[in-house]
Structures are given as structure tokens and as C-alpha cells.
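Shown here: model22.tsv, TSV, C-alpha atoms and all ligand atoms.
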chain	number	residue	atom	x	y	z
A	1	MET	CA	95.33	126.46	75.78
A	2	ASN	CA	97.83	123.58	75.95
A	3	LEU	CA	99.51	123.34	79.34
A	4	LEU	CA	102.52	121.05	79.82
A	5	ALA	CA	103.24	120.02	83.41
A	6	ILE	CA	106.34	118.29	84.74
A	7	GLU	CA	106.63	116.44	88.06
A	8	THR	CA	109.94	115.15	89.47
A	9	SER	CA	109.62	115.66	93.22
A	10	CYS	CA	110.58	112.11	94.24
A	11	ASP	CA	111.18	108.99	92.16
A	12	GLU	CA	108.63	109.42	89.37
A	13	THR	CA	109.59	111.27	86.19
A	14	ALA	CA	106.25	112.51	84.90
A	15	ALA	CA	104.81	114.81	82.25
A	16	ALA	CA	101.22	115.59	81.30
A	17	VAL	CA	99.40	117.88	78.90
A	18	ILE	CA	96.01	119.38	79.68
A	19	ARG	CA	93.97	121.36	77.16
A	20	ASP	CA	91.09	123.39	78.60
A	21	GLY	CA	90.32	120.82	81.25
A	22	GLU	CA	90.84	117.82	78.99
A	23	LEU	CA	93.79	115.61	79.89
A	24	LEU	CA	95.63	114.73	76.66
A	25	CYS	CA	98.25	112.48	78.24
A	26	ASN	CA	99.62	111.39	81.61
A	27	ILE	CA	103.08	109.88	81.25
A	28	VAL	CA	104.82	108.43	84.32
A	29	ALA	CA	108.16	106.64	84.34
A	30	SER	CA	108.79	104.94	87.67
A	31	GLN	CA	112.39	104.34	88.70
A	32	GLU	CA	113.12	100.67	89.28
A	33	VAL	CA	116.67	101.43	90.43
A	34	HIS	CA	115.47	101.93	94.05
A	35	LEU	CA	113.82	98.50	94.44
A	36	GLN	CA	117.05	96.76	95.47
A	37	TYR	CA	117.60	99.34	98.28
A	38	GLY	CA	114.08	99.12	99.76
A	39	GLY	CA	113.63	102.91	99.56
A	40	VAL	CA	114.36	105.92	97.38
A	41	VAL	CA	118.07	106.81	97.06
A	42	PRO	CA	118.06	110.58	96.37
A	43	GLU	CA	121.24	110.74	94.26
A	44	LEU	CA	120.08	107.87	92.07
A	45	ALA	CA	116.65	109.52	91.71
A	46	SER	CA	118.20	112.77	90.40
A	47	ARG	CA	120.33	110.87	87.91
A	48	ALA	CA	117.38	108.83	86.65
A	49	HIS	CA	115.34	112.05	86.23
A	50	MET	CA	118.21	113.50	84.16
A	51	ALA	CA	118.17	110.45	81.89
A	52	LYS	CA	114.38	110.34	81.52
A	53	MET	CA	113.35	114.00	81.39
A	54	VAL	CA	113.73	114.63	77.66
A	55	PRO	CA	112.31	111.27	76.47
A	56	ILE	CA	109.30	111.65	78.79
A	57	VAL	CA	108.48	115.13	77.49
A	58	HIS	CA	108.85	113.87	73.89
A	59	LYS	CA	106.52	111.01	74.69
A	60	ALA	CA	103.98	113.40	76.27
A	61	LEU	CA	103.99	115.60	73.16
A	62	GLU	CA	103.79	112.64	70.81
A	63	THR	CA	100.88	111.06	72.75
A	64	SER	CA	99.05	114.39	72.72
A	65	GLY	CA	99.66	114.88	68.99
A	66	LEU	CA	101.44	118.18	69.67
A	67	SER	CA	104.76	119.78	68.91
A	68	LEU	CA	106.72	121.97	71.33
A	69	GLN	CA	105.46	125.10	69.57
A	70	ASP	CA	101.87	124.16	70.47
A	71	ILE	CA	102.59	124.52	74.21
A	72	ASP	CA	101.11	127.72	75.67
A	73	VAL	CA	102.00	127.35	79.37
A	74	VAL	CA	104.69	125.31	81.15
A	75	ALA	CA	104.31	124.23	84.78
A	76	ALA	CA	106.48	122.21	87.14
A	77	THR	CA	106.51	121.06	90.75
A	78	TYR	CA	108.92	123.25	92.79
A	79	GLY	CA	108.40	121.58	96.21
A	80	PRO	CA	108.16	119.81	98.55
A	81	GLY	CA	110.41	116.90	97.62
A	82	LEU	CA	114.01	115.84	97.14
A	83	ILE	CA	116.13	118.85	96.18
A	84	GLY	CA	118.06	117.11	93.40
A	85	SER	CA	114.93	115.57	91.92
A	86	LEU	CA	112.97	118.84	92.06
A	87	LEU	CA	115.81	120.75	90.40
A	88	VAL	CA	115.85	118.49	87.33
A	89	GLY	CA	112.16	119.01	86.45
A	90	LEU	CA	111.97	122.63	87.58
A	91	THR	CA	115.10	123.76	85.75
A	92	PHE	CA	114.07	121.91	82.60
A	93	ALA	CA	110.58	123.51	82.72
A	94	LYS	CA	111.93	127.02	83.31
A	95	GLY	CA	114.37	126.63	80.41
A	96	LEU	CA	111.57	125.39	78.18
A	97	ALA	CA	109.26	128.29	79.12
A	98	LEU	CA	112.11	130.72	78.45
A	99	SER	CA	112.81	129.28	75.00
A	100	LEU	CA	109.10	129.12	74.09
A	101	LYS	CA	108.55	132.64	75.52
A	102	CYS	CA	105.47	131.38	77.34
A	103	PRO	CA	104.19	131.78	80.92
A	104	PHE	CA	105.66	129.55	83.63
A	105	LEU	CA	103.99	128.29	86.80
A	106	GLY	CA	105.69	126.64	89.76
A	107	ILE	CA	103.28	124.30	91.55
A	108	ASN	CA	103.25	122.95	95.10
A	109	HIS	CA	103.19	119.14	94.85
A	110	LEU	CA	100.66	118.97	97.71
A	111	GLU	CA	98.36	121.33	95.86
A	112	GLY	CA	98.48	118.84	92.98
A	113	HIS	CA	97.22	116.09	95.31
A	114	LEU	CA	94.49	118.46	96.61
A	115	PHE	CA	93.06	118.95	93.14
A	116	SER	CA	93.72	115.45	91.76
A	117	ALA	CA	90.04	114.48	92.10
A	118	MET	CA	89.09	117.34	89.77
A	119	LEU	CA	90.72	115.56	86.82
A	120	GLU	CA	87.74	113.20	86.75
A	121	HIS	CA	85.26	115.53	88.47
A	122	PRO	CA	85.89	118.99	87.04
A	123	THR	CA	82.71	120.36	88.58
A	124	LEU	CA	83.76	119.43	92.12
A	125	GLU	CA	82.96	122.50	94.16
A	126	MET	CA	84.97	124.19	96.87
A	127	PRO	CA	84.98	124.21	99.82
A	128	PHE	CA	85.86	120.56	100.33
A	129	LEU	CA	87.88	118.61	102.86
A	130	CYS	CA	90.94	116.81	101.53
A	131	LEU	CA	92.95	114.11	103.22
A	132	ILE	CA	96.34	113.74	101.53
A	133	VAL	CA	97.85	110.39	102.48
A	134	SER	CA	101.12	109.58	100.75
A	135	GLY	CA	104.61	108.30	101.40
A	136	GLY	CA	105.75	111.73	102.51
A	137	HIS	CA	102.64	113.41	103.88
A	138	THR	CA	99.50	112.98	105.94
A	139	ILE	CA	97.52	116.22	105.87
A	140	LEU	CA	93.86	116.92	106.49
A	141	ALA	CA	93.00	120.26	104.92
A	142	GLU	CA	90.06	122.47	104.20
A	143	VAL	CA	90.20	123.66	100.58
A	144	ARG	CA	88.35	126.97	100.42
A	145	GLY	CA	89.58	128.15	97.02
A	146	VAL	CA	92.66	128.08	94.78
A	147	GLY	CA	95.57	129.03	97.05
A	148	ASP	CA	93.30	129.22	100.10
A	149	TYR	CA	93.85	126.22	102.36
A	150	VAL	CA	93.55	125.63	106.08
A	151	ILE	CA	95.45	122.72	107.61
A	152	LEU	CA	93.17	121.03	110.12
A	153	GLY	CA	95.50	118.18	111.03
A	154	GLN	CA	98.76	116.54	110.03
A	155	THR	CA	101.09	113.82	111.17
A	156	ARG	CA	103.36	114.40	114.14
A	157	ASP	CA	105.83	111.75	112.98
A	158	ASP	CA	105.58	109.20	110.14
A	159	ALA	CA	103.33	109.72	107.14
A	160	ALA	CA	100.67	107.05	106.61
A	161	GLY	CA	102.44	105.67	103.51
A	162	GLU	CA	105.74	105.68	105.36
A	163	ALA	CA	104.12	103.60	108.11
A	164	PHE	CA	102.89	101.12	105.49
A	165	ASP	CA	106.38	100.94	103.96
A	166	LYS	CA	108.15	100.52	107.33
A	167	VAL	CA	105.70	97.90	108.61
A	168	ALA	CA	106.05	96.01	105.32
A	169	LYS	CA	109.81	95.94	105.93
A	170	ILE	CA	109.26	94.61	109.47
A	171	LEU	CA	106.95	91.91	108.07
A	172	GLU	CA	109.59	91.05	105.42
A	173	LEU	CA	107.34	92.09	102.55
A	174	PRO	CA	108.59	93.67	99.31
A	175	TYR	CA	108.94	97.43	98.71
A	176	PRO	CA	106.85	99.54	98.23
A	177	GLY	CA	105.01	98.21	101.24
A	178	GLY	CA	101.59	99.78	100.81
A	179	PRO	CA	100.38	97.58	97.94
A	180	ALA	CA	102.02	94.49	99.52
A	181	ILE	CA	100.21	94.99	102.85
A	182	ASP	CA	96.93	95.78	101.09
A	183	LYS	CA	97.16	92.49	99.16
A	184	LEU	CA	98.23	90.32	102.09
A	185	ALA	CA	95.67	91.89	104.45
A	186	ARG	CA	92.86	90.50	102.30
A	187	GLN	CA	93.75	87.02	103.58
A	188	GLY	CA	94.04	88.14	107.22
A	189	ASN	CA	91.76	88.87	110.15
A	190	PRO	CA	91.77	92.61	111.01
A	191	GLU	CA	90.53	91.78	114.53
A	192	ALA	CA	93.44	89.41	115.27
A	193	VAL	CA	95.66	91.96	117.05
A	194	ALA	CA	94.41	95.12	118.79
A	195	PHE	CA	97.10	97.62	117.76
A	196	PRO	CA	96.89	101.08	119.36
A	197	VAL	CA	95.43	104.08	117.54
A	198	ALA	CA	97.14	107.24	118.76
A	199	ARG	CA	95.04	110.10	120.08
A	200	ILE	CA	96.63	113.53	120.15
A	201	LYS	CA	95.33	115.67	122.97
A	202	ASP	CA	96.19	119.22	121.89
A	203	ASN	CA	94.92	118.70	118.33
A	204	PRO	CA	92.61	115.70	117.94
A	205	LEU	CA	92.80	116.14	114.14
A	206	ASP	CA	96.55	115.41	114.07
A	207	PHE	CA	97.92	111.93	113.38
A	208	SER	CA	100.73	109.80	114.77
A	209	PHE	CA	101.83	106.46	113.33
A	210	SER	CA	105.24	105.81	114.88
A	211	GLY	CA	103.79	104.18	118.03
A	212	LEU	CA	101.73	101.84	115.87
A	213	LYS	CA	104.81	100.91	113.83
A	214	THR	CA	106.76	100.15	117.03
A	215	ALA	CA	103.84	98.08	118.37
A	216	VAL	CA	103.92	95.97	115.19
A	217	LEU	CA	107.71	95.59	115.52
A	218	TYR	CA	107.54	94.34	119.14
A	219	HIS	CA	104.63	92.06	118.36
A	220	TYR	CA	106.43	90.50	115.38
A	221	GLN	CA	109.80	90.20	117.16
A	222	ALA	CA	108.16	88.19	119.95
A	223	LEU	CA	106.95	85.53	117.50
A	224	SER	CA	108.80	82.39	116.42
A	225	GLU	CA	109.68	81.90	112.74
A	226	GLU	CA	106.75	79.53	112.38
A	227	GLN	CA	104.27	81.90	114.06
A	228	ARG	CA	105.48	84.76	111.85
A	229	GLU	CA	104.64	82.77	108.72
A	230	LYS	CA	101.26	81.81	110.12
A	231	ASN	CA	100.27	85.23	111.49
A	232	ARG	CA	101.74	87.60	108.90
A	233	ALA	CA	98.44	88.21	107.06
A	234	ASP	CA	96.59	88.77	110.36
A	235	ILE	CA	99.20	91.30	111.50
A	236	ALA	CA	99.05	93.10	108.14
A	237	ALA	CA	95.24	93.26	108.32
A	238	SER	CA	95.26	94.43	111.96
A	239	PHE	CA	97.87	97.12	111.25
A	240	GLN	CA	95.94	98.30	108.18
A	241	LYS	CA	92.74	98.47	110.21
A	242	ALA	CA	94.42	100.68	112.83
A	243	VAL	CA	95.69	103.11	110.15
A	244	VAL	CA	92.32	103.26	108.40
A	245	GLN	CA	90.56	103.82	111.72
A	246	ALA	CA	92.86	106.77	112.55
A	247	LEU	CA	92.28	108.34	109.12
A	248	ILE	CA	88.52	107.85	109.05
A	249	SER	CA	87.96	109.02	112.62
A	250	ASN	CA	89.83	112.30	111.89
A	251	ILE	CA	87.83	112.87	108.71
A	252	LYS	CA	84.70	112.48	110.82
A	253	LYS	CA	85.99	115.03	113.35
A	254	ALA	CA	86.87	117.45	110.53
A	255	ILE	CA	83.34	117.17	109.13
A	256	ASN	CA	81.89	117.92	112.55
A	257	ARG	CA	84.25	120.85	113.10
A	258	THR	CA	83.78	122.53	109.69
A	259	GLY	CA	80.32	121.40	108.64
A	260	ILE	CA	81.75	120.59	105.18
A	261	ARG	CA	80.25	117.40	103.79
A	262	ARG	CA	82.35	117.07	100.63
A	263	VAL	CA	85.48	114.94	101.07
A	264	VAL	CA	88.43	114.01	98.84
A	265	VAL	CA	90.95	111.32	99.79
A	266	ALA	CA	94.13	111.67	97.70
A	267	GLY	CA	97.76	110.47	97.54
A	268	GLY	CA	99.29	107.02	97.17
A	269	VAL	CA	97.60	105.53	100.24
A	270	ALA	CA	94.19	106.50	98.80
A	271	ARG	CA	94.69	103.40	96.62
A	272	ASN	CA	94.26	101.24	99.71
A	273	SER	CA	91.23	98.98	99.39
A	274	ALA	CA	90.34	98.97	103.13
A	275	LEU	CA	90.47	102.77	103.23
A	276	ALA	CA	88.21	102.99	100.17
A	277	ALA	CA	85.72	100.58	101.80
A	278	ALA	CA	85.76	102.48	105.11
A	279	MET	CA	85.30	105.78	103.26
A	280	ALA	CA	82.30	104.38	101.40
A	281	ASP	CA	80.78	103.27	104.73
A	282	LEU	CA	81.40	106.68	106.31
A	283	ALA	CA	79.85	108.43	103.30
A	284	ALA	CA	76.73	106.28	103.53
A	285	GLU	CA	76.49	106.78	107.28
A	286	GLU	CA	77.02	110.55	107.18
A	287	ASN	CA	75.43	111.24	103.80
A	288	LEU	CA	78.64	112.67	102.30
A	289	GLU	CA	79.75	113.54	98.80
A	290	TYR	CA	83.19	111.90	98.45
A	291	TYR	CA	85.85	111.34	95.84
A	292	ILE	CA	88.85	109.04	95.59
A	293	PRO	CA	90.80	109.64	92.37
A	294	ALA	CA	91.60	106.78	89.98
A	295	ALA	CA	94.78	104.91	90.96
A	296	GLN	CA	96.93	106.66	88.32
A	297	PHE	CA	96.00	110.05	89.86
A	298	CYS	CA	96.60	108.93	93.47
A	299	THR	CA	100.27	108.03	93.22
A	300	ASP	CA	102.61	110.78	92.04
A	301	ASN	CA	101.82	112.00	88.54
A	302	ALA	CA	101.99	115.15	86.43
A	303	ALA	CA	98.28	115.23	85.54
A	304	MET	CA	97.44	116.55	89.01
A	305	ILE	CA	100.19	119.18	88.65
A	306	ALA	CA	98.66	120.17	85.29
A	307	LYS	CA	95.21	120.47	86.91
A	308	ALA	CA	96.50	122.64	89.76
A	309	ALA	CA	98.45	124.76	87.25
A	310	GLU	CA	95.39	125.24	85.08
A	311	LEU	CA	93.36	126.41	88.09
A	312	ARG	CA	96.15	128.76	89.15
A	313	TYR	CA	96.61	130.08	85.61
A	314	HIS	CA	92.92	131.00	85.37
A	315	ALA	CA	93.07	132.57	88.84
A	316	GLY	CA	95.75	134.91	87.44
A	317	TYR	CA	98.86	133.41	89.03
A	318	ARG	CA	102.22	133.41	87.19
A	319	SER	CA	105.67	132.43	88.52
A	320	SER	CA	109.01	134.10	88.00
A	321	LEU	CA	111.76	132.19	86.19
A	322	ALA	CA	113.84	132.96	89.29
A	323	LEU	CA	111.68	130.55	91.34
A	324	SER	CA	113.87	128.15	93.34
A	325	ALA	CA	113.20	124.57	94.33
A	326	ALA	CA	111.75	124.40	97.86
A	327	PRO	CA	112.31	120.93	99.39
A	328	ASN	CA	110.36	121.75	102.58
A	329	LEU	CA	107.56	123.78	100.98
A	330	PRO	CA	104.49	123.66	103.24
A	331	LEU	CA	100.96	123.42	101.81
A	332	THR	CA	100.13	126.88	103.06
A	333	SER	CA	102.92	129.10	101.76
B	401	LIG	O1	101.64	109.80	96.57
B	401	LIG	P1	102.75	108.80	96.44
B	401	LIG	O2	102.94	108.15	95.10
B	401	LIG	O3	104.13	109.44	96.75
B	401	LIG	C1	104.37	110.43	97.67
B	401	LIG	O4	104.15	111.62	97.34
B	401	LIG	O5	104.78	110.03	98.78
B	401	LIG	O6	102.54	107.71	97.60
B	401	LIG	C2	103.36	106.58	97.73
B	401	LIG	C3	102.94	105.86	98.99
B	401	LIG	C4	103.89	104.74	99.40
B	401	LIG	O7	104.18	104.87	100.77
B	401	LIG	C5	103.08	103.48	99.13
B	401	LIG	O8	103.42	102.41	99.98
B	401	LIG	C6	101.66	103.97	99.37
B	401	LIG	O9	101.65	105.26	98.81
B	401	LIG	N1	100.66	103.10	98.73
B	401	LIG	C7	99.74	102.38	99.42
B	401	LIG	C8	99.00	101.64	98.45
B	401	LIG	N2	99.49	101.94	97.22
B	401	LIG	C9	100.50	102.85	97.41
B	401	LIG	N3	99.50	102.29	100.73
B	401	LIG	C10	98.51	101.46	101.14
B	401	LIG	N4	97.78	100.72	100.28
B	401	LIG	C11	97.97	100.77	98.95
B	401	LIG	N5	97.25	100.03	98.13
B	402	ZN	ZN	102.84	112.85	96.31

Just dump the structure as C-alpha cells.
Amino acid sequence: MNLLAIETSCDETAAAVIRDGELLCNIVASQEVHLQYGGVVPELASRAHMAKMVPIVHKALETSGLSLQDIDVVAATYGPGLIGSLLVGLTFAKGLALSLKCPFLGINHLEGHLFSAMLEHPTLEMPFLCLIVSGGHTILAEVRGVGDYVILGQTRDDAAGEAFDKVAKILELPYPGGPAIDKLARQGNPEAVAFPVARIKDNPLDFSFSGLKTAVLYHYQALSEEQREKNRADIAASFQKAVVQALISNIKKAINRTGIRRVVVAGGVARNSALAAAMADLAAEENLEYYIPAAQFCTDNAAMIAKAAELRYHAGYRSSLALSAAPNLPLTS
């Protein structure tokens, strides 16, 4: 069974083909148009998706050695994300499924992140705990089965990736900020500044990063131009340490609460080197089975959508061609 998946929820135009668990291609076209604005401009994202959609699907088929007629199932992300961006991929996929007279599956983008580790570890067993840390989301979930998720904690304000991007802007680093902070932090001292790690009383498994971001802002504003140059790497490393500490300590609490000792860390921020190191330490300390997907499966991609669609297909799910884009789609819907 050849399953074509399309992902256009934000600023990546992506297509992937999976055949019985084997990924045949994973094509991602990132949109450079947003770089000059220091963030994603929704209208420009939709337009770029329009321009890239057909060439990306052609490239996916060509790379897989397939023609359109070989496709047995079409899947696409239908939420959450930017409405205009979602509509391009979703409408294209529905039209394609209609013309090929094949089944169609709408996939929750977050569900794609949940199952992204299964691309490289197909035998990964449920239940597992999954921390999704991306530019738009910070969710700690218990994955019990396909379509059966319990949210244990989530952010009350900024997502972890958003905090990285905003702090990078404060520190006058290039966009996207996550990779820039990760790189600079390697030259800095993470103990240099004691930034606060928020604790949330009514749900200790929730996260909050806006206070941390403001603390970095005030700290940086109080420095002279010369001190800023000198201390930038230390501030980046100290900020990164605070984020990693918040993430790791909540994973630890989730393990204690659920008794589940299998952990996946997914999403763009899972590429962070300090987080990977801290996760390895935690796994050794607590004797955990843990997975961090390869970089290409952490940031937005269609391979993870293909994987989630394949799991859903085999679980008997099908979507109607009347399915609408859902910009605010929650993980548990
Ligand atoms: O999953 P993703 O591609 O898109 C969303 O669904 O949001 O995640 C993008 C986010 C951005 O905020 C980016 O700064 C962050 O992931 N990111 C990182 C790193 N690489 C990407 N954050 C920290 N360290 C990194 N190495
Ligand atoms: Zn994502």
C-alpha cells in the first residue's frame, strides 16, 4: 500500500510516501521568504504553499519511483496550524483522493509529532510518554493507543520553541532562534545567570515560559553594549538550561505519576543538543527507554504525517472529503 501524505500547516511545504512501513521519500521545502521578517507571515506562507504544492508532490513521486496511479491512500494535515496554509495542502489532497478514487485521511499535526519516533523505531510499543516541543506547542502526553491520548501537561503561555525564538530576538540572534541559541550556548556558561524556572501550582506538569523570556529581556536590557557582546553566550546557555530543566523535570514527574518508563521527545526543539544530553542523563538515572527522532523528523515534515496516517488507516479510520481545516485542533479531539 502506497500512502502519500501532505503537510502544509505552517511554513514547510512537505510530501512523503510510505509503503507498508517503509519511508520511500520525505520531501520538505522550507520557505525562505519569512527570514527577512523574523517570523512566519501567514499570507506569504499560503502563497508559497500554492506555488510549491504541485512541484513537491511531483518530486515525492519521482523520488519514490511511483506514478500518481500507484497511490492507494492520500493523507493530509487538517490542523492545528495557519488556516490559509492548512487549506492549500488539505484541499489539494482531497481533490487528489477524489480524482484517484482512493481513501482519504485527515491527520492532526500533533499526532504526527507523537508518532514521529516510529519512523525509525516501528516496533516502539504503546503506552509511551511523549513530550512535543515545537514552535507552536509544548505538550506532555500519554499515548495509550492510536487516537487514545491523555494530556498530562501543556504550556500556559509561550511554547518552548517560541521562547527560544523570542529570546534569540532579544539577544539579537538570527531567526529561527532555536538553532542559533543552541550553537551560541555551546560557548557559554549555563551557570552564569540563575534564570527562574516556573512552577505551576494547580498542575505541576504544565509549563510556562513567558516569565523566563521577560527575565532574559530585563537582564539583557540592563547591560551595556560591551557587556552584551561579552555575556551573550552565557545568557544563551543559562536560558537554555532553564528551559531544559523545566522540560526534564516535568518528564520526571510524568514518569512518577503514570509509571510509564518509555519516553519520546519530538518536535523542532527536540533537536536541541542540551535537551538531548539531559534526556540521556535522565534515561541513565531512571533506567528509561527513550527516543528522539532524527533531526529531519523533529522539525515539521510529511513523513510523520504519513506514519500517523498509516497507523490510523490500519486501525480502520477514514475521513470524509467534507473535512474542514481546523486551525485550533486540539490533540484530543
Ligand atoms: O516542529 P517545528 O518545526 O514547527 C512547529 O510545529 O512549530 O519546530 C520549530 C521550532 C522553532 O521554534 C525553532 O526555533 C525550534 O523548533 N528549534 C530549536 C532547535 N532547532 C529548532 N530549538 C532549540 N534548539 C534547536 N536546536
Ligand atoms: Zn510541528

(request) Give the residue list for ligand ZN 402 (chain B) at 10 Å, counting all atoms listed in the file, as a PyMOL selection string, sorted by chain and then by residue number. (result) chain A and resi 7+9-10+12+80-81+109-113+132-137+266-269+297-301+304

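Counting from atom C5 of ligand LIG 401 (chain B), the distance to atom CA of A:Phe209 is 14.6 Å.
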
(request) Would you please work out which residue, of A:Leu171, A:Cys102, A:Val150, A:Ile251, is nearest to A:Thr332 when using only C-alpha atoms? (result) A:Val150

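Atom CA of A:Glu172 is found 13.6 Å from atom CA of A:Tyr37.
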
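Atom CA of A:Glu22 lies 13.3 Å from atom CA of A:Ser116.
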
(request) Tell me which protein, DNA and RNA residues are within 8 Å of stretch 175-186 of chain A, counting all atoms listed in the file, leaving out same-chain ones fewer than 4 positions away, and put them as a list of chain:residue names. (result) A:Leu35, A:Gly38, A:Gly39, A:Gly161, A:Phe164, A:Asp165, A:Lys166, A:Val167, A:Ala168, A:Lys169, A:Pro190, A:Ala233, A:Asp234, A:Ile235, A:Ala236, A:Ala237, A:Ser238, A:Gln240, A:Val269, A:Asn272, A:Ser273, A:Ala274

Would you compute, for all listed atoms of ligand LIG 401 (chain B), the axis-aligned bounding box grown by 5 Å on each side, and then report its centre and edge lengths in Å rounded to one decimal, as JSON?
{"center_x": 101.0, "center_y": 105.8, "center_z": 98.1, "size_x": 17.5, "size_y": 21.6, "size_z": 16.0}

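If all atoms listed in the file are the atoms counted, then among A:Ala160, A:Met53, A:Ile200, A:Leu68 the closest residue to ligand LIG 401 (chain B) is A:Ala160.
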
Could you list, as a compact mmCIF listing (two decimals) with C-alpha atoms, in the frame of the given file, every residue within 12 Å of A:Ala276, counting all atoms listed in the file and ignoring same-chain residues fewer than 3 positions away?
# COMPACT_ATOMS: atom_id res chain seq x y z
CA ASP A 182 96.93 95.78 101.09
CA LYS A 241 92.74 98.47 110.21
CA VAL A 244 92.32 103.26 108.40
CA GLN A 245 90.56 103.82 111.72
CA LEU A 247 92.28 108.34 109.12
CA ILE A 248 88.52 107.85 109.05
CA VAL A 264 88.43 114.01 98.84
CA VAL A 265 90.95 111.32 99.79
CA ALA A 266 94.13 111.67 97.70
CA VAL A 269 97.60 105.53 100.24
CA ALA A 270 94.19 106.50 98.80
CA ARG A 271 94.69 103.40 96.62
CA ASN A 272 94.26 101.24 99.71
CA SER A 273 91.23 98.98 99.39
CA MET A 279 85.30 105.78 103.26
CA ALA A 280 82.30 104.38 101.40
CA ASP A 281 80.78 103.27 104.73
CA LEU A 282 81.40 106.68 106.31
CA ALA A 283 79.85 108.43 103.30
CA TYR A 290 83.19 111.90 98.45
CA TYR A 291 85.85 111.34 95.84
CA ILE A 292 88.85 109.04 95.59
CA PRO A 293 90.80 109.64 92.37
CA ALA A 294 91.60 106.78 89.98
CA ALA A 295 94.78 104.91 90.96

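Closest approach to A:Leu321 among A:Ala93, A:Ile151, A:Leu66, A:Leu44 is made by A:Ala93 (distances from all atoms listed in the file).
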
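The residue set within 8 Å of A:Pro196, counting only C-alpha atoms and dropping same-chain residues fewer than 4 places from it, reads Gly211, Leu212, Ala215 and Ala242 of chain A.
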
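With distances restricted to all atoms listed in the file, A:Ala163 is the closest residue to ligand LIG 401 (chain B) from A:Leu24, A:Leu3, A:Val41, A:Ala163.
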
(request) For A:Gly65, list every protein, DNA or RNA residue within 12 Å, evaluated using all atoms listed in the file, and leave out those in the same chain fewer than 6 positions away; present the list as JSON, numbers by chain. (result) {"A": [2, 17, 19, 24, 25, 58, 59, 71]}

(request) Select, from A:Ala15, A:Val263, A:Leu61, A:Leu86, the residue with the minimum atom-to-atom distance to A:Ala45, counting all atoms listed in the file. (result) A:Leu86

(message) Excluding A:Gln221 and its own-chain neighbours fewer than 4 positions away, which residues fall within 12 Å of it when counting all atoms listed in the file? Please give them as JSON, numbers by chain.
(response) {"A": [170, 171, 172, 214, 215, 216, 217, 225, 227, 228, 232]}

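Of the listed residues A:Leu288, A:Ile255, A:Leu82, A:Val146, the one whose atoms come nearest to ligand LIG 401 (chain B) is A:Leu82, with distances taken using only C-alpha atoms and all ligand atoms.
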